[in-house]
Amino acid sequence: MNTAIILAGGVGSRMGVDKPKQYLIVNEKPIIVYCLEIFEKHSEIDKIVIVVSDEWKDYVEENVKKYGISKVCGYAPAGKTRQHSIFNGLKSAEENAPDTKVCIVHDAARPLVSDKIISDCIIGATEDDGAMPVITVKDTVYQSKDGKSIDHLLKRSELFAGQAPESFDFKKYLDIHNSVSDDEIASTAGSSEIAYRHGMNIRLVEGSERNFKITTVEDLETFETIINS
């Protein structure tokens with residue numbers, strides 16, 4: 001069984017609007033619904049767990065019902081960090097989808113993920129321990145400790161920008177979270193970071209520029225243009 005954990009607990013502070021970005025309306029539909037519909041229609045996704053803050057749970061449940069998202073099997077509370085939210089989602093999947101073999105973690109504010117990326121991530125978590133879509137870095141990247149002078153030159157051909165969804169062998173990933181300290185979970189920046197740090201083999205698969213996360217007003221405008229076209 002493959003279970004998608006959709007993260008919808010972010011507050012979207014960088015957007016400068018009065019609600020989290022995943023709940024903004026585009027063409028009379030919340031952004032989160034565009035994301036959920038992709039996983040609902042994907043033949044390899046069996047169950048969906050949604051991580052959501054308490055104040056938005058009723059709203060999400062209403063839209064899940066309204067748009068016929070039938071694969072949702074459970075909800076989990078948003079955590080104090082993104083990785084805490086993921087841990088809550090893992091525990092909900094353990095309870096509500098106990099036969100899960102692969103979990104695939106995705107952001108509700110990344111509503112243009114392709115079927116191919118999802119499938120590639122599932123394959124990666126089946127053949128290896130996990131998978132993460134990446135895109136190449138187009139600009140030259142420099143390392144600087146103080147932001148004023150260059151400390152180190154980085155080889156662009158060896159640099160990749162990670163995206164979501166990130167997929168994992170469910171039991172191995174859950175076991176890591178159960179065994180580490182709360183401080184380690186809190187300090188984890190990316191979903192695959194904690195997996196890699198604890199010995200899981202994470203495959204890199206081809207991502208897409210289209211699979212962007214709506215973070216700024218400009219991102220929202222780009223999404224609206226794509227939907228309207």
# chains A, B, ... in the order shown; residues from 1 in each chain; ligands from 1
$ select_by_dssp --residues "range 124-199 of chain A" --states "strand (DSSP E or B)" --output "JSON, numbers by chain"
{"A": [130, 131, 132, 133, 134, 135, 136, 142, 143, 152, 153, 160, 161, 162, 166, 167, 168, 169]}
$ closest_atom_pairs --of "range 145-179 of chain A" --to "range 199-217 of chain A" --cutoff "9 Å" --atoms "only C-alpha atoms" --output "tab-separated table"
residue	atom	partner	partner_atom	distance
A:Gly162	CA	A:Gly207	CA	8.2
A:Gln163	CA	A:Gly207	CA	7.0
A:Ala164	CA	A:Asn211	CA	8.1
A:Ser167	CA	A:Ile202	CA	8.7
A:Phe168	CA	A:Ile202	CA	8.1
A:Asp169	CA	A:Met200	CA	8.9
A:Lys172	CA	A:Met200	CA	8.0
A:Tyr173	CA	A:Met200	CA	8.3
$ write_last_selection --atoms "N, CA and C atoms" --output "PDB file, in the first residue's frame"
ATOM      1  N   GLY A 162      16.345  20.208  -4.280  1.00  0.00           N
ATOM      2  CA  GLY A 162      15.337  19.201  -3.963  1.00  0.00           C
ATOM      3  C   GLY A 162      13.923  19.749  -4.045  1.00  0.00           C
ATOM      4  N   GLN A 163      13.005  18.877  -4.427  1.00  0.00           N
ATOM      5  CA  GLN A 163      11.593  19.205  -4.484  1.00  0.00           C
ATOM      6  C   GLN A 163      10.810  18.205  -3.636  1.00  0.00           C
ATOM      7  N   ALA A 164       9.515  18.267  -3.718  1.00  0.00           N
ATOM      8  CA  ALA A 164       8.622  17.255  -3.156  1.00  0.00           C
ATOM      9  C   ALA A 164       7.779  16.732  -4.322  1.00  0.00           C
ATOM     10  N   SER A 167       9.640  10.276  -1.062  1.00  0.00           N
ATOM     11  CA  SER A 167       9.042   8.982  -0.719  1.00  0.00           C
ATOM     12  C   SER A 167      10.016   8.145   0.090  1.00  0.00           C
ATOM     13  N   PHE A 168       9.445   7.260   0.921  1.00  0.00           N
ATOM     14  CA  PHE A 168      10.284   6.478   1.823  1.00  0.00           C
ATOM     15  C   PHE A 168       9.683   5.110   2.097  1.00  0.00           C
ATOM     16  N   ASP A 169      10.571   4.164   2.378  1.00  0.00           N
ATOM     17  CA  ASP A 169      10.139   2.906   2.979  1.00  0.00           C
ATOM     18  C   ASP A 169       9.491   3.287   4.307  1.00  0.00           C
ATOM     19  N   LYS A 172      10.941   1.942   7.826  1.00  0.00           N
ATOM     20  CA  LYS A 172      12.269   2.466   8.139  1.00  0.00           C
ATOM     21  C   LYS A 172      12.193   3.938   8.529  1.00  0.00           C
ATOM     22  N   TYR A 173      11.399   4.694   7.787  1.00  0.00           N
ATOM     23  CA  TYR A 173      11.294   6.135   8.042  1.00  0.00           C
ATOM     24  C   TYR A 173      10.607   6.401   9.382  1.00  0.00           C
TER      25      TYR A 173
END
$ atom_distance --atom1 "CA of Phe160 in chain A" --atom2 "CA of Ile117 in chain A"
15.9 Å
$ residues_around --residues "Gln22 in chain A" --least-positions-apart "3" --cutoff "7 Å" --atoms "only C-alpha atoms" --output "mmCIF file with N, CA and C atoms, in the first residue's frame"
data_model
loop_
_atom_site.group_PDB
_atom_site.id
_atom_site.type_symbol
_atom_site.label_atom_id
_atom_site.label_comp_id
_atom_site.auth_asym_id
_atom_site.auth_seq_id
_atom_site.Cartn_x
_atom_site.Cartn_y
_atom_site.Cartn_z
ATOM 1 N N ALA A 8 -0.431 20.339 5.022
ATOM 2 C CA ALA A 8 -1.257 21.527 4.812
ATOM 3 C C ALA A 8 -1.315 22.379 6.071
ATOM 4 N N PRO A 30 -9.918 25.902 -3.882
ATOM 5 C CA PRO A 30 -8.731 26.073 -3.040
ATOM 6 C C PRO A 30 -7.522 25.355 -3.635
ATOM 7 N N ILE A 31 -6.356 25.941 -3.463
ATOM 8 C CA ILE A 31 -5.134 25.357 -4.007
ATOM 9 C C ILE A 31 -4.932 23.931 -3.506
ATOM 10 N N ILE A 32 -5.248 23.663 -2.249
ATOM 11 C CA ILE A 32 -5.063 22.317 -1.710
ATOM 12 C C ILE A 32 -5.855 21.277 -2.495
ATOM 13 N N ALA A 108 0.948 20.646 0.234
ATOM 14 C CA ALA A 108 -0.318 21.057 -0.373
ATOM 15 C C ALA A 108 -0.139 22.278 -1.266
ATOM 16 N N ALA A 109 0.883 23.076 -0.981
ATOM 17 C CA ALA A 109 1.140 24.285 -1.763
ATOM 18 C C ALA A 109 2.012 24.019 -2.986
#
$ residues_around --residues "Ala78 in chain A" --least-positions-apart "4" --cutoff "12 Å" --atoms "only C-alpha atoms" --output "list in words"
Ile5, Ile6, Leu7, Ala8, Gly9, Gly10, Val11, Val49, Ile50, Val51, Val52, Ser53, Asp54, Glu55, Trp56, Lys57, Arg82, Gln83, His84, Ser85, Ile86, Phe87, Asn88, Gly89, Leu90 and Ser92 of chain A
$ residues_around --residues "Thr136 in chain A" --least-positions-apart "6" --cutoff "8 Å" --atoms "only C-alpha atoms" --output "list in words"
Ser157, Leu159, Phe160 and Ala161 of chain A
$ atom_distance --atom1 "CA of Val64 in chain A" --atom2 "CA of Val33 in chain A"
7.6 Å
$ closest_residue --among "A:Gly79, A:Pro165, A:Gly147, A:Gly130" --to "Lys116 in chain A" --atoms "only C-alpha atoms"
A:Pro165
$ residues_around --residues "Lys155 in chain A" --least-positions-apart "3" --cutoff "9 Å" --atoms "only C-alpha atoms" --output "tab-separated table (two decimals) with N, CA and C atoms, in the first residue's frame"
chain	number	residue	atom	x	y	z
A	140	THR	N	25.46	29.89	-10.81
A	140	THR	CA	26.65	29.55	-10.03
A	140	THR	C	26.36	29.82	-8.56
A	141	VAL	N	26.74	28.88	-7.70
A	141	VAL	CA	26.46	28.98	-6.27
A	141	VAL	C	27.77	29.12	-5.51
A	158	GLU	N	27.48	19.32	-9.56
A	158	GLU	CA	27.22	18.37	-8.48
A	158	GLU	C	26.14	18.87	-7.52
A	159	LEU	N	25.48	19.97	-7.88
A	159	LEU	CA	24.47	20.56	-7.01
A	159	LEU	C	23.08	20.36	-7.60
$ atom_distance --atom1 "CA of Leu36 in chain A" --atom2 "CA of Ile122 in chain A"
17.0 Å
$ select_by_dssp --residues "chain A" --states "helix (DSSP H, G or I)" --output "number ranges by chain"
A: 13-15, 21-23, 31-41, 54-66, 82-96, 115-127, 156-158, 170-179, 182-187, 191-197, 217-228
$ write_last_selection --atoms "C-alpha atoms" --output "compact mmCIF listing (two decimals), in the first residue's frame"
# COMPACT_ATOMS: atom_id res chain seq x y z
CA SER A 13 3.67 34.13 6.18
CA ARG A 14 5.73 35.13 3.13
CA MET A 15 2.61 35.62 1.03
CA LYS A 21 -1.39 29.86 0.79
CA GLN A 22 -2.76 26.34 0.36
CA TYR A 23 -6.27 27.65 1.08
CA ILE A 31 -5.13 25.36 -4.01
CA ILE A 32 -5.06 22.32 -1.71
CA VAL A 33 -7.83 20.71 -3.75
CA TYR A 34 -5.74 20.88 -6.94
CA CYS A 35 -3.05 18.97 -5.07
CA LEU A 36 -5.42 16.41 -3.53
CA GLU A 37 -7.08 15.70 -6.89
CA ILE A 38 -3.73 14.67 -8.39
CA PHE A 39 -3.15 12.07 -5.67
CA GLU A 40 -6.81 11.00 -5.71
CA LYS A 41 -6.60 10.19 -9.42
CA ASP A 54 -6.97 22.58 14.07
CA GLU A 55 -8.40 25.91 12.90
CA TRP A 56 -8.51 24.76 9.26
CA LYS A 57 -9.51 21.13 9.73
CA ASP A 58 -13.26 21.70 9.27
CA TYR A 59 -12.55 23.70 6.11
CA VAL A 60 -10.38 20.93 4.68
CA GLU A 61 -12.91 18.24 5.57
CA GLU A 62 -15.67 20.21 3.86
CA ASN A 63 -13.63 20.48 0.66
CA VAL A 64 -12.58 16.82 0.78
CA LYS A 65 -16.26 15.93 0.80
CA LYS A 66 -17.25 18.59 -1.75
CA ARG A 82 7.59 20.82 9.17
CA GLN A 83 9.33 17.63 10.28
CA HIS A 84 7.13 17.39 13.38
CA SER A 85 4.15 17.63 11.03
CA ILE A 86 5.58 14.79 8.98
CA PHE A 87 6.03 12.70 12.12
CA ASN A 88 2.39 13.35 13.04
CA GLY A 89 1.40 12.27 9.54
CA LEU A 90 3.44 9.09 9.85
CA LYS A 91 1.72 8.22 13.13
CA SER A 92 -1.69 8.83 11.55
CA ALA A 93 -0.77 6.58 8.62
CA GLU A 94 0.38 3.88 11.05
CA GLU A 95 -3.04 4.03 12.71
CA ASN A 96 -5.30 4.56 9.70
CA ASP A 115 1.96 11.66 -12.26
CA LYS A 116 5.40 10.65 -13.52
CA ILE A 117 7.21 12.25 -10.58
CA ILE A 118 4.88 10.49 -8.14
CA SER A 119 5.40 7.15 -9.88
CA ASP A 120 9.17 7.60 -10.02
CA CYS A 121 9.24 8.38 -6.32
CA ILE A 122 7.23 5.25 -5.50
CA ILE A 123 9.60 3.12 -7.59
CA GLY A 124 12.57 4.71 -5.84
CA ALA A 125 11.18 3.93 -2.39
CA THR A 126 10.47 0.36 -3.49
CA GLU A 127 13.82 -0.40 -5.10
CA ARG A 156 27.52 23.46 -10.04
CA SER A 157 27.36 20.11 -11.87
CA GLU A 158 27.22 18.37 -8.48
CA PHE A 170 7.43 3.57 5.54
CA LYS A 171 8.64 1.35 8.37
CA LYS A 172 12.27 2.47 8.14
CA TYR A 173 11.29 6.13 8.04
CA LEU A 174 8.85 5.80 10.94
CA ASP A 175 11.40 3.85 13.01
CA ILE A 176 13.93 6.67 12.60
CA HIS A 177 11.45 9.23 13.88
CA ASN A 178 10.55 7.03 16.83
CA SER A 179 14.21 6.61 17.78
CA ASP A 182 12.81 15.82 19.55
CA ASP A 183 15.67 18.26 19.00
CA GLU A 184 16.88 16.33 15.97
CA ILE A 185 13.41 16.32 14.45
CA ALA A 186 13.14 20.07 15.09
CA SER A 187 16.48 20.80 13.43
CA SER A 191 12.23 15.39 4.60
CA SER A 192 15.07 13.32 3.15
CA GLU A 193 17.72 14.88 5.39
CA ILE A 194 16.87 12.79 8.44
CA ALA A 195 16.57 9.64 6.32
CA TYR A 196 19.98 10.15 4.72
CA ARG A 197 21.56 10.97 8.06
CA VAL A 217 2.81 36.42 -4.81
CA GLU A 218 4.75 35.85 -8.04
CA ASP A 219 4.41 32.07 -7.60
CA LEU A 220 0.67 32.47 -7.13
CA GLU A 221 0.40 34.54 -10.29
CA THR A 222 2.35 31.91 -12.24
CA PHE A 223 0.03 29.17 -10.96
CA GLU A 224 -3.04 31.21 -11.91
CA THR A 225 -1.62 31.73 -15.41
CA ILE A 226 -0.99 28.01 -15.86
CA ILE A 227 -4.46 27.07 -14.62
CA ASN A 228 -6.16 29.66 -16.80
